[in-house]
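*Asks:* Pasting in a structure now, in structure tokens, and then I'll have a few things to ask.
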Amino acid sequence: MDERLNYLTIDQLNQIPWLVHGFGLAGFILSDLEKDVRLNSFQPVEMSQQHSAKVFFLEDKPGHKLSGDGLVTATPDLLLLIKTADCLPLFLVDTEHQAVAAVHCGWRGTYQKISVKAFELMQQKLGSRAQNILAALGPCIEQSCYEVGGDVYEMFSQAGFPLSSIFLTARKHDKFYLDLRAANFWLLTAVLSIPEKNIFQINLCTFCRGELLSYRRERVKSQRLINFIGIKNLA
Ligand SMILES: [Zn+2]
């Protein structure tokens, strides 16, 4: 992990010459993208995030703000943005086709399997193959800090998730603690067959760490961590 001032990166992804990526820390805001010499040639693409499972394939910067929670592109110079404050930001990198995906994985997107939908879109548009995908999971709220209701447990149950590996339960009190990271790891490995060695994680809890932002801690809707991934124009 690279401890830059503004955002965290993953060493294995830094070794890919055509890629830029980062998981923003608190205080790193949209206007900072223009000030960063590695990022200022990119066109940022920001969505109106809905906690949906809607993923878009981009060939160019969209003419209007899209409503959804996942972006896929093979076009250089677009910077795909995901804003989070407890939800999991997830990136997919197709090393064979030079393509990337950025996905917003809260519990709603996760039980609707948005990370699977993002990969399926890469597969459909580009012919992506699981063994050539690298995945990066950024900071999110960790399980011990993430109590959810019985209705959430029920939805994951109906969606076929392995409940014992993604929930801690205190049944007497009807309390459920969701591991968003484990749920998405299961989607990537068990459902999509992405090799475990291709998956990298930043195991920091947004709720526990002051350098990150947590909606559950701060209750400020407007503050979000800025996470980004893009393909450099090496031409
Ligand atoms: Zn925590």
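Ordered as shown in the structure tokens, chains take letters A, B, and onward, while each chain numbers its residues from 1 and ligands are numbered from 1 in the order shown.
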Within 7 Å of ligand 1, which residues of chain A come that close, and what is the closest atom pair and distance in Å for each? Count only C-alpha atoms and all ligand atoms and give it as JSON lines.
*Replies:*
```
{"residue": "A:Ile141", "atom": "CA", "partner": "ligand 1", "partner_atom_place_in_ligand_line": "1 (Zn)", "distance": 5.8}
{"residue": "A:Glu142", "atom": "CA", "partner": "ligand 1", "partner_atom_place_in_ligand_line": "1 (Zn)", "distance": 5.1}
{"residue": "A:Ser144", "atom": "CA", "partner": "ligand 1", "partner_atom_place_in_ligand_line": "1 (Zn)", "distance": 6.3}
{"residue": "A:Cys145", "atom": "CA", "partner": "ligand 1", "partner_atom_place_in_ligand_line": "1 (Zn)", "distance": 4.7}
{"residue": "A:Cys205", "atom": "CA", "partner": "ligand 1", "partner_atom_place_in_ligand_line": "1 (Zn)", "distance": 4.6}
{"residue": "A:Thr206", "atom": "CA", "partner": "ligand 1", "partner_atom_place_in_ligand_line": "1 (Zn)", "distance": 6.4}
{"residue": "A:Phe207", "atom": "CA", "partner": "ligand 1", "partner_atom_place_in_ligand_line": "1 (Zn)", "distance": 4.6}
{"residue": "A:Cys208", "atom": "CA", "partner": "ligand 1", "partner_atom_place_in_ligand_line": "1 (Zn)", "distance": 4.0}
```
*Asks:* Can those selected residues be exported to a file as a compact mmCIF listing (two decimals), in the first residue's frame so that it contains N, CA, C and O atoms?
*Replies:*
```txt
# COMPACT_ATOMS: atom_id res chain seq x y z
N ILE A 141 -16.73 -0.11 5.68
CA ILE A 141 -17.04 -0.40 7.08
C ILE A 141 -16.85 -1.90 7.31
O ILE A 141 -17.25 -2.72 6.49
N GLU A 142 -16.14 -2.24 8.38
CA GLU A 142 -15.86 -3.67 8.60
C GLU A 142 -17.01 -4.31 9.38
O GLU A 142 -17.87 -3.65 9.95
N SER A 144 -17.50 -5.89 12.23
CA SER A 144 -17.84 -5.67 13.65
C SER A 144 -18.51 -4.32 13.87
O SER A 144 -19.13 -4.08 14.89
N CYS A 145 -18.39 -3.42 12.91
CA CYS A 145 -18.98 -2.09 13.02
C CYS A 145 -20.27 -1.96 12.20
O CYS A 145 -20.87 -0.89 12.17
N CYS A 205 -11.08 0.05 8.11
CA CYS A 205 -12.50 0.27 8.40
C CYS A 205 -12.80 1.77 8.37
O CYS A 205 -12.19 2.55 9.09
N THR A 206 -13.76 2.14 7.53
CA THR A 206 -14.11 3.57 7.42
C THR A 206 -14.67 4.11 8.74
O THR A 206 -14.48 5.29 9.05
N PHE A 207 -15.33 3.26 9.50
CA PHE A 207 -15.93 3.71 10.76
C PHE A 207 -14.88 3.93 11.83
O PHE A 207 -14.98 4.84 12.65
N CYS A 208 -13.84 3.11 11.85
CA CYS A 208 -12.82 3.16 12.90
C CYS A 208 -11.70 4.15 12.62
O CYS A 208 -11.03 4.60 13.53
```
*Asks:* Skip Trp186 in chain A itself and residues of its chain fewer than 4 positions away, then list as a VMD selection string all residues within 10 Å of it, counting only C-alpha atoms.
*Replies:* chain A and resid 161 to 162 165 to 166 180 to 182 190 to 194 196
*Asks:* Which is closest to Asn6 in chain A among A:Val220, A:Ala53, A:Ala85, A:Ile29, if we use only C-alpha atoms?
*Replies:*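 Closest to Asn6 in chain A, using only C-alpha atoms: A:Ile29.
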*Asks:* If DSSP is run on the backbone, what residues of range 53-158 of chain A are helix (DSSP H, G or I)? A reply as number ranges by chain would be ideal.
*Replies:* A: 107-111, 114-126, 130-132, 143-145, 150-158
*Asks:* Could you list, as a ChimeraX atom specification, every residue within 10 Å of Val100 in chain A, counting only C-alpha atoms and ignoring same-chain residues fewer than 4 positions away?
*Replies:* /A:19,71-76,79-80,91-95,118-119,122,133-135,229-231
*Asks:* Using only C-alpha atoms, which residue out of A:Glu147, A:Glu211, A:Asp77, A:Asp179 lies closest to Asn40 in chain A?
*Replies:*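 Checking each of A:Glu147, A:Glu211, A:Asp77, A:Asp179 against Asn40 in chain A, counting only C-alpha atoms, the winner is A:Asp77.
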*Asks:* Find the residues around Lys175 in chain A up to 12 Å (only C-alpha atoms counted), leave out those fewer than 2 positions away in its own chain, and share them as a list of chain:residue names.
*Replies:* A:Ser144, A:Cys145, A:Tyr146, A:Glu147, A:Val148, A:Gly149, A:Gly150, A:Asp151, A:Val152, A:Tyr153, A:Phe167, A:Leu168, A:Thr169, A:Ala170, A:Arg171, A:Lys172, A:His173, A:Tyr177, A:Leu178
*Asks:* Which residue out of A:Asp36, A:Asp69, A:Glu120, A:Asp86 has the minimum interatomic distance to Gln143 in chain A when only C-alpha atoms are used?
*Replies:*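 Closest candidate: A:Asp86.
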